[in-house]
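Enquirer: Below is the file work.cif, which contains mmCIF, C-alpha atoms.
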data_my_file
loop_
_atom_site.group_PDB
_atom_site.id
_atom_site.type_symbol
_atom_site.label_atom_id
_atom_site.label_comp_id
_atom_site.auth_asym_id
_atom_site.auth_seq_id
_atom_site.Cartn_x
_atom_site.Cartn_y
_atom_site.Cartn_z
ATOM 1 C CA MET B 1 -13.084 -3.099 -12.744
ATOM 2 C CA THR B 2 -12.357 -6.803 -12.631
ATOM 3 C CA GLY B 3 -12.062 -7.262 -8.860
ATOM 4 C CA ALA B 4 -9.036 -8.455 -6.952
ATOM 5 C CA GLN B 5 -7.245 -11.290 -8.745
ATOM 6 C CA ALA B 6 -3.859 -10.854 -6.999
ATOM 7 C CA LEU B 7 -2.189 -8.545 -4.482
ATOM 8 C CA LEU B 8 1.324 -7.064 -4.555
ATOM 9 C CA LEU B 9 2.697 -5.811 -1.224
ATOM 10 C CA ALA B 10 5.721 -3.590 -0.676
ATOM 11 C CA PRO B 11 7.424 -2.987 2.697
ATOM 12 C CA GLY B 12 8.121 0.186 4.601
ATOM 13 C CA ALA B 13 11.507 1.896 4.268
ATOM 14 C CA GLY B 14 13.030 0.144 7.283
ATOM 15 C CA ALA B 15 11.722 -3.342 6.531
ATOM 16 C CA ASP B 16 11.792 -6.024 3.883
ATOM 17 C CA ARG B 17 9.323 -8.363 2.224
ATOM 18 C CA ASP B 18 9.240 -10.507 5.366
ATOM 19 C CA HIS B 19 7.695 -7.799 7.595
ATOM 20 C CA HIS B 20 5.215 -9.570 9.889
ATOM 21 C CA THR B 21 2.182 -7.706 8.533
ATOM 22 C CA LEU B 22 2.998 -8.517 4.908
ATOM 23 C CA VAL B 23 3.505 -12.185 5.790
ATOM 24 C CA ALA B 24 0.234 -12.225 7.759
ATOM 25 C CA LEU B 25 -1.606 -10.775 4.761
ATOM 26 C CA ALA B 26 -0.116 -13.308 2.356
ATOM 27 C CA ASP B 27 -1.077 -16.157 4.694
ATOM 28 C CA GLY B 28 -4.469 -14.763 5.680
ATOM 29 C CA LEU B 29 -5.665 -13.967 2.162
ATOM 30 C CA ALA B 30 -4.878 -17.372 0.638
ATOM 31 C CA PRO B 31 -5.785 -18.655 -1.894
ATOM 32 C CA LEU B 32 -5.514 -15.133 -3.399
ATOM 33 C CA PRO B 33 -2.073 -14.878 -5.022
ATOM 34 C CA VAL B 34 -0.067 -12.411 -2.899
ATOM 35 C CA GLY B 35 3.390 -11.250 -3.927
ATOM 36 C CA ARG B 36 5.742 -9.558 -1.476
ATOM 37 C CA MET B 37 8.555 -7.471 -2.922
ATOM 38 C CA ASP B 38 11.778 -5.821 -1.822
ATOM 39 C CA PHE B 39 13.071 -2.532 -3.210
ATOM 40 C CA PRO B 40 16.457 -2.398 -4.995
ATOM 41 C CA TYR B 41 18.216 -0.661 -2.083
ATOM 42 C CA ARG B 42 17.227 -3.502 0.238
ATOM 43 C CA THR B 43 18.390 -6.256 -2.116
ATOM 44 C CA ALA B 44 21.683 -4.352 -2.566
ATOM 45 C CA GLY B 45 22.154 -4.266 1.228
ATOM 46 C CA ARG B 46 21.771 -0.494 1.552
ATOM 47 C CA LYS B 47 19.769 1.157 4.347
ATOM 48 C CA ALA B 48 18.762 4.401 2.606
ATOM 49 C CA PRO B 49 15.591 4.012 0.526
ATOM 50 C CA ASP B 50 15.704 4.429 -3.220
ATOM 51 C CA ARG B 51 14.534 7.698 -4.703
ATOM 52 C CA ALA B 52 10.933 7.626 -5.917
ATOM 53 C CA PRO B 53 11.665 7.029 -9.644
ATOM 54 C CA VAL B 54 13.757 3.933 -8.846
ATOM 55 C CA ALA B 55 11.244 2.620 -6.303
ATOM 56 C CA VAL B 56 8.268 3.233 -8.603
ATOM 57 C CA ALA B 57 10.077 1.441 -11.456
ATOM 58 C CA ALA B 58 10.652 -1.518 -9.116
ATOM 59 C CA VAL B 59 6.922 -1.608 -8.306
ATOM 60 C CA VAL B 60 6.069 -1.608 -12.026
ATOM 61 C CA GLU B 61 8.537 -4.454 -12.635
ATOM 62 C CA GLU B 62 7.269 -6.522 -9.688
ATOM 63 C CA ALA B 63 3.641 -5.912 -10.728
ATOM 64 C CA ALA B 64 4.345 -7.216 -14.235
ATOM 65 C CA ALA B 65 6.101 -10.278 -12.803
ATOM 66 C CA LEU B 66 3.200 -11.086 -10.456
ATOM 67 C CA VAL B 67 0.597 -10.586 -13.207
ATOM 68 C CA ALA B 68 2.545 -13.028 -15.404
ATOM 69 C CA ALA B 69 3.203 -15.570 -12.635
ATOM 70 C CA ALA B 70 -0.393 -15.569 -11.382
ATOM 71 C CA ALA B 71 -1.832 -15.428 -14.921
ATOM 72 C CA VAL B 72 -4.192 -12.574 -14.057
ATOM 73 C CA ALA B 73 -5.243 -9.398 -15.834
ATOM 74 C CA ALA B 74 -3.137 -6.338 -15.018
ATOM 75 C CA GLU B 75 -6.400 -4.541 -14.137
ATOM 76 C CA GLY B 76 -7.103 -7.255 -11.547
ATOM 77 C CA LEU B 77 -3.973 -6.553 -9.524
ATOM 78 C CA VAL B 78 -4.336 -4.718 -6.219
ATOM 79 C CA LEU B 79 -1.177 -2.978 -5.054
ATOM 80 C CA GLY B 80 -0.051 -1.553 -1.764
ATOM 81 C CA GLY B 81 1.944 -2.105 1.353
ATOM 82 C CA ARG B 82 3.239 -0.408 4.438
ATOM 83 C CA SER B 83 4.277 3.236 4.664
ATOM 84 C CA PHE B 84 6.969 3.939 2.015
ATOM 85 C CA GLY B 85 5.976 0.809 0.080
ATOM 86 C CA GLY B 86 2.330 1.770 -0.101
ATOM 87 C CA ARG B 87 3.243 5.316 -1.089
ATOM 88 C CA MET B 88 5.440 4.051 -3.942
ATOM 89 C CA CYS B 89 2.628 1.761 -5.129
ATOM 90 C CA SER B 90 0.178 4.674 -5.060
ATOM 91 C CA MET B 91 2.618 6.790 -7.084
ATOM 92 C CA ALA B 92 3.002 3.980 -9.655
ATOM 93 C CA VAL B 93 -0.783 3.769 -10.027
ATOM 94 C CA ALA B 94 -1.056 7.571 -10.284
ATOM 95 C CA GLU B 95 1.512 7.385 -13.102
ATOM 96 C CA GLY B 96 -0.649 4.898 -15.008
ATOM 97 C CA LEU B 97 0.098 1.395 -13.687
ATOM 98 C CA PRO B 98 -3.177 -0.565 -14.089
ATOM 99 C CA ALA B 99 -4.738 -1.681 -10.805
ATOM 100 C CA ALA B 100 -8.014 -2.795 -9.282
ATOM 101 C CA GLY B 101 -7.285 -0.861 -6.073
ATOM 102 C CA LEU B 102 -4.740 0.218 -3.479
ATOM 103 C CA VAL B 103 -4.184 -1.130 0.050
ATOM 104 C CA LEU B 104 -2.242 1.545 1.955
ATOM 105 C CA LEU B 105 -1.108 0.558 5.439
ATOM 106 C CA SER B 106 0.234 3.328 7.696
ATOM 107 C CA TYR B 107 0.403 5.789 4.789
ATOM 108 C CA PRO B 108 3.176 8.357 5.483
ATOM 109 C CA LEU B 109 1.230 11.537 4.777
ATOM 110 C CA HIS B 110 4.146 13.618 6.089
ATOM 111 C CA PRO B 111 7.343 13.085 8.094
ATOM 112 C CA PRO B 112 6.706 12.984 11.862
ATOM 113 C CA GLY B 113 6.431 16.495 13.270
ATOM 114 C CA LYS B 114 6.453 18.083 9.792
ATOM 115 C CA PRO B 115 2.806 18.369 8.730
ATOM 116 C CA ASP B 116 3.787 21.034 6.195
ATOM 117 C CA ARG B 117 5.784 18.480 4.150
ATOM 118 C CA LEU B 118 2.834 16.631 2.634
ATOM 119 C CA ARG B 119 3.156 13.650 0.313
ATOM 120 C CA VAL B 120 -0.145 14.035 -1.497
ATOM 121 C CA GLU B 121 0.670 15.636 -4.855
ATOM 122 C CA HIS B 122 -0.439 12.490 -6.731
ATOM 123 C CA PHE B 123 -3.723 11.891 -4.874
ATOM 124 C CA GLY B 124 -5.794 13.581 -7.611
ATOM 125 C CA GLU B 125 -4.560 10.956 -10.100
ATOM 126 C CA LEU B 126 -5.664 7.938 -8.023
ATOM 127 C CA ARG B 127 -8.704 6.699 -9.917
ATOM 128 C CA VAL B 128 -9.057 3.328 -8.189
ATOM 129 C CA PRO B 129 -10.655 2.383 -4.851
ATOM 130 C CA CYS B 130 -8.270 2.949 -1.932
ATOM 131 C CA LEU B 131 -8.137 1.366 1.512
ATOM 132 C CA PHE B 132 -6.154 3.218 4.182
ATOM 133 C CA VAL B 133 -5.449 1.264 7.384
ATOM 134 C CA SER B 134 -3.591 3.260 10.029
ATOM 135 C CA GLY B 135 -2.942 3.550 13.715
ATOM 136 C CA ALA B 136 -5.012 6.294 15.330
ATOM 137 C CA LYS B 137 -1.838 7.704 16.916
ATOM 138 C CA ASP B 138 0.427 7.433 13.840
ATOM 139 C CA PRO B 139 2.894 10.382 13.868
ATOM 140 C CA PHE B 140 2.995 10.242 10.042
ATOM 141 C CA ALA B 141 -0.732 11.141 9.772
ATOM 142 C CA SER B 142 -3.481 11.797 12.265
ATOM 143 C CA PRO B 143 -6.955 10.523 11.393
ATOM 144 C CA GLU B 144 -8.090 14.111 10.787
ATOM 145 C CA GLU B 145 -5.141 14.895 8.500
ATOM 146 C CA LEU B 146 -5.455 11.702 6.471
ATOM 147 C CA GLU B 147 -9.214 12.002 6.039
ATOM 148 C CA ALA B 148 -8.895 15.655 4.972
ATOM 149 C CA HIS B 149 -6.201 14.999 2.369
ATOM 150 C CA THR B 150 -7.604 11.754 0.962
ATOM 151 C CA SER B 151 -10.745 13.671 0.018
ATOM 152 C CA ALA B 152 -8.699 14.757 -3.055
ATOM 153 C CA ILE B 153 -8.790 11.166 -4.365
ATOM 154 C CA PRO B 154 -11.461 10.965 -7.117
ATOM 155 C CA ALA B 155 -12.371 7.347 -6.287
ATOM 156 C CA PRO B 156 -13.897 5.543 -3.294
ATOM 157 C CA VAL B 157 -11.736 5.819 -0.162
ATOM 158 C CA THR B 158 -12.142 3.625 2.912
ATOM 159 C CA HIS B 159 -10.409 4.353 6.230
ATOM 160 C CA VAL B 160 -9.851 1.805 8.985
ATOM 161 C CA TRP B 161 -8.382 3.074 12.258
ATOM 162 C CA LEU B 162 -6.595 0.793 14.692
ATOM 163 C CA PRO B 163 -5.260 1.489 18.171
ATOM 164 C CA GLY B 164 -1.590 2.399 18.173
ATOM 165 C CA GLY B 165 0.982 4.174 16.088
ATOM 166 C CA HIS B 166 2.858 3.678 12.813
ATOM 167 C CA ASP B 167 3.242 -0.092 13.279
ATOM 168 C CA PRO B 168 0.189 -0.986 15.374
ATOM 169 C CA ARG B 169 1.054 -3.725 17.882
ATOM 170 C CA ASN B 170 -0.688 -7.082 17.671
ATOM 171 C CA ALA B 171 -2.873 -5.758 14.862
ATOM 172 C CA ASP B 172 -2.065 -8.196 12.061
ATOM 173 C CA ASP B 173 -5.335 -10.123 12.459
ATOM 174 C CA ALA B 174 -7.348 -6.890 12.375
ATOM 175 C CA ILE B 175 -5.413 -5.712 9.309
ATOM 176 C CA VAL B 176 -5.984 -9.009 7.494
ATOM 177 C CA ASP B 177 -9.716 -8.839 8.335
ATOM 178 C CA ALA B 178 -9.953 -5.228 7.107
ATOM 179 C CA VAL B 179 -8.153 -6.002 3.847
ATOM 180 C CA ARG B 180 -10.149 -9.207 3.234
ATOM 181 C CA SER B 181 -13.463 -7.384 3.802
ATOM 182 C CA TRP B 182 -12.448 -4.496 1.566
ATOM 183 C CA LEU B 183 -11.180 -6.758 -1.231
ATOM 184 C CA ALA B 184 -14.593 -8.430 -1.268
ATOM 185 C CA THR B 185 -16.147 -5.061 -2.204
ATOM 186 C CA LEU B 186 -14.141 -4.754 -5.423
ATOM 187 C CA GLY B 187 -16.238 -5.609 -8.467
#
Transcribe the structure of this file into structure tokens.
Expert:
Amino acid sequence: MTGAQALLLAPGAGADRDHHTLVALADGLAPLPVGRMDFPYRTAGRKAPDRAPVAVAAVVEEAAALVAAAAVAAEGLVLGGRSFGGRMCSMAVAEGLPAAGLVLLSYPLHPPGKPDRLRVEHFGELRVPCLFVSGAKDPFASPEELEAHTSAIPAPVTHVWLPGGHDPRNADDAIVDAVRSWLATLG
């Protein structure tokens, strides 16, 4: 592992690259190069998220662009983002995209009220350190559910719980602090 040399962040399904938390991370982690991306559906002006293969391909493309622009090793790139964006980044890494780690904010373990519809089939393929930062009252994953299912990840997993729900209010500073501290632990 080469440590964090750059960070690529993807937004949740209902947001874009200018989501306040992604902007706060880019600002708060300087001078670390931080790229913020949009998915193809967003740039095309559509509201419905892309299917996973399209979104994962976009992550791979944006990762390659950031690695080239920042002149860093592909293995030094940390990927992640909020909700849908973090999930797509984790799927890209599970499919073989090189990474130093994953930063998963408000990971959507399942749709609200549907705990039987889990989104964890790729967890066993995540072989990089993972940071999960979530609201303790997130309807997409309770602390107990997320901790139980992330035990399938065969790499170090860190959980940080914040007050609030899926988009914890006034939590950007706490999220930046959590991510900065965690990034410092990567070799």
Enquirer: Which is closer to B:Pro143 than all the others in B:Ala48, B:Leu109, B:Pro129, B:Pro156, using all atoms listed in the file?
Expert: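 With all atoms listed in the file as the atom set, the closest residue is B:Leu109.
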Enquirer: I need the residue set behind the PyMOL selection byres ((chain B and resi 112) around 12) for this file; please write it as a list in words.
Expert: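 Applying the PyMOL selection byres ((chain B and resi 112) around 12) to the structure shown produces Tyr107, Pro108, Leu109, His110, Pro111, Gly113, Lys114, Pro115, Asp116, Arg117, Leu118, Lys137, Asp138, Pro139, Phe140, Ala141, Ser142, Gly165 and His166 of chain B.
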Enquirer: Do you have the atom CA of B:Ala136-atom CA of B:Leu183 distance handy?
Expert: 22.0 Å
Enquirer: Since I can't run it myself right now, could you work out what the PyMOL selection byres ((chain B and resi 130) around 9) selects here and report it as an MDAnalysis selection string?
Expert: chainID B and resid 101:104 126:129 131:132 153 155:159
Enquirer: Would you mind reading off the distance between atom CA of B:Met37 and atom CA of B:Ala63, one decimal, in Å?
Expert: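 Straight-line distance from atom CA of B:Met37 to atom CA of B:Ala63 works out to 9.4 Å.
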Enquirer: Which residues fall under the PyMOL selection byres ((chain B and resi 105) around 10) in this file, as a list in words?
Expert: Leu9, Pro11, Gly12, Thr21, Leu22, Gly80, Gly81, Arg82, Ser83, Phe84, Gly85, Gly86, Arg87, Leu102, Val103, Leu104, Ser106, Tyr107, Pro108, Leu131, Phe132, Val133, Ser134, Gly135, Val160, His166, Asp167, Ile175 and Val179 of chain B
Enquirer: Go through B:Ala92, B:Leu79, B:Ala73, B:Val34 and flag the residue nearest B:Val60, using all atoms listed in the file for the distances.
Expert: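 Closest residue, counting all atoms listed in the file: B:Ala92.
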Enquirer: Which residues are near B:Ala69? Cut-off 10 Å, all atoms listed in the file, ignore same chain within fewer than 5 positions. Put them as a ChimeraX atom specification.
Expert: /B:33,35,63-64
Enquirer: Name the residues, using the chain letters and numbers of the file, that sit within 8 Å of (-4.4, 11.2, -10.1) when counting all atoms listed in the file, and give them as a VMD selection string.
Expert: chain B and resid 94 to 95 122 to 127 153 to 154
Enquirer: Export C-alpha atoms of the chosen residues as a PDB file, in the coordinates of the input?
Expert:
ATOM      1  CA  ALA B  94      -1.056   7.571 -10.284  1.00  0.00           C
ATOM      2  CA  GLU B  95       1.512   7.385 -13.102  1.00  0.00           C
ATOM      3  CA  HIS B 122      -0.439  12.490  -6.731  1.00  0.00           C
ATOM      4  CA  PHE B 123      -3.723  11.891  -4.874  1.00  0.00           C
ATOM      5  CA  GLY B 124      -5.794  13.581  -7.611  1.00  0.00           C
ATOM      6  CA  GLU B 125      -4.560  10.956 -10.100  1.00  0.00           C
ATOM      7  CA  LEU B 126      -5.664   7.938  -8.023  1.00  0.00           C
ATOM      8  CA  ARG B 127      -8.704   6.699  -9.917  1.00  0.00           C
ATOM      9  CA  ILE B 153      -8.790  11.166  -4.365  1.00  0.00           C
ATOM     10  CA  PRO B 154     -11.461  10.965  -7.117  1.00  0.00           C
TER      11      PRO B 154
END
Enquirer: In Å to one decimal, how far is atom CA of B:Val120 from atom CA of B:Leu162?
Expert: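 The value is 21.9 Å.
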Enquirer: Set up a box along x, y and z of the file covering all listed atoms of stretch 167-176 of chain B, add 8 Å on every one of the six sides, and write the centre and edge lengths in Å to one decimal, as lines of an AutoDock Vina configuration file.
Expert:
center_x = -2.1
center_y = -5.1
center_z = 12.7
size_x = 26.6
size_y = 26.0
size_z = 26.4
Enquirer: Hey, which of B:Pro98, B:Pro40, B:Gly76, B:Pro31 ends up closest to B:Val54? Count all atoms listed in the file.
Expert: B:Pro40
Enquirer: For each of B:Glu75, B:Asp16, B:Ala26, B:Leu66, take the minimum atom-to-atom distance to B:Gly187, counting all atoms listed in the file, then give the residue where this is smallest.
Expert: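 When distances to B:Gly187 are compared using all atoms listed in the file, the smallest one comes from B:Glu75.
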Enquirer: Ranking B:Ala100, B:Ala178, B:Ala71, B:Ala148 by minimum distance to B:Trp161 and counting all atoms listed in the file, which one comes first?
Expert: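 Counting all atoms listed in the file, the residue closest to B:Trp161 is B:Ala178.
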Enquirer: So, with all atoms listed in the file as the atoms that count, which of B:Leu29, B:Leu7, B:Leu186, B:Val176 lies closest to B:Val67?
Expert: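 So, comparing all the options, the nearest one is B:Leu7.
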Enquirer: Working from the structure I just supplied, which lacks atoms in stretch 131-142 of chain B, can you model N, CA and C atoms there and output them as a PDB file, keeping the file's coordinate frame?
Expert:
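The resulting out-v3.pdb:
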ATOM      1  N   LEU B 131      -7.941   1.708   0.107  1.00  0.00           N
ATOM      2  CA  LEU B 131      -8.137   1.366   1.512  1.00  0.00           C
ATOM      3  C   LEU B 131      -6.936   1.889   2.289  1.00  0.00           C
ATOM      4  N   PHE B 132      -7.193   2.715   3.282  1.00  0.00           N
ATOM      5  CA  PHE B 132      -6.154   3.218   4.182  1.00  0.00           C
ATOM      6  C   PHE B 132      -6.386   2.596   5.552  1.00  0.00           C
ATOM      7  N   VAL B 133      -5.391   1.860   6.053  1.00  0.00           N
ATOM      8  CA  VAL B 133      -5.449   1.264   7.384  1.00  0.00           C
ATOM      9  C   VAL B 133      -4.297   1.851   8.177  1.00  0.00           C
ATOM     10  N   SER B 134      -4.627   2.556   9.267  1.00  0.00           N
ATOM     11  CA  SER B 134      -3.591   3.260  10.029  1.00  0.00           C
ATOM     12  C   SER B 134      -3.870   3.211  11.521  1.00  0.00           C
ATOM     13  N   GLY B 135      -2.805   3.394  12.283  1.00  0.00           N
ATOM     14  CA  GLY B 135      -2.942   3.550  13.715  1.00  0.00           C
ATOM     15  C   GLY B 135      -3.484   4.933  14.033  1.00  0.00           C
ATOM     16  N   ALA B 136      -4.380   5.017  14.984  1.00  0.00           N
ATOM     17  CA  ALA B 136      -5.012   6.294  15.330  1.00  0.00           C
ATOM     18  C   ALA B 136      -4.015   7.298  15.908  1.00  0.00           C
ATOM     19  N   LYS B 137      -2.861   6.818  16.356  1.00  0.00           N
ATOM     20  CA  LYS B 137      -1.838   7.704  16.916  1.00  0.00           C
ATOM     21  C   LYS B 137      -0.571   7.701  16.060  1.00  0.00           C
ATOM     22  N   ASP B 138      -0.714   7.470  14.757  1.00  0.00           N
ATOM     23  CA  ASP B 138       0.427   7.433  13.840  1.00  0.00           C
ATOM     24  C   ASP B 138       1.005   8.846  13.689  1.00  0.00           C
ATOM     25  N   PRO B 139       2.306   9.049  13.997  1.00  0.00           N
ATOM     26  CA  PRO B 139       2.894  10.382  13.868  1.00  0.00           C
ATOM     27  C   PRO B 139       3.071  10.820  12.413  1.00  0.00           C
ATOM     28  N   PHE B 140       2.891   9.898  11.463  1.00  0.00           N
ATOM     29  CA  PHE B 140       2.995  10.242  10.042  1.00  0.00           C
ATOM     30  C   PHE B 140       1.673  10.784   9.483  1.00  0.00           C
ATOM     31  N   ALA B 141       0.569  10.649  10.235  1.00  0.00           N
ATOM     32  CA  ALA B 141      -0.732  11.141   9.772  1.00  0.00           C
ATOM     33  C   ALA B 141      -1.789  10.894  10.835  1.00  0.00           C
ATOM     34  N   SER B 142      -2.357  11.962  11.336  1.00  0.00           N
ATOM     35  CA  SER B 142      -3.481  11.797  12.265  1.00  0.00           C
ATOM     36  C   SER B 142      -4.721  11.412  11.460  1.00  0.00           C
TER      37      SER B 142
END
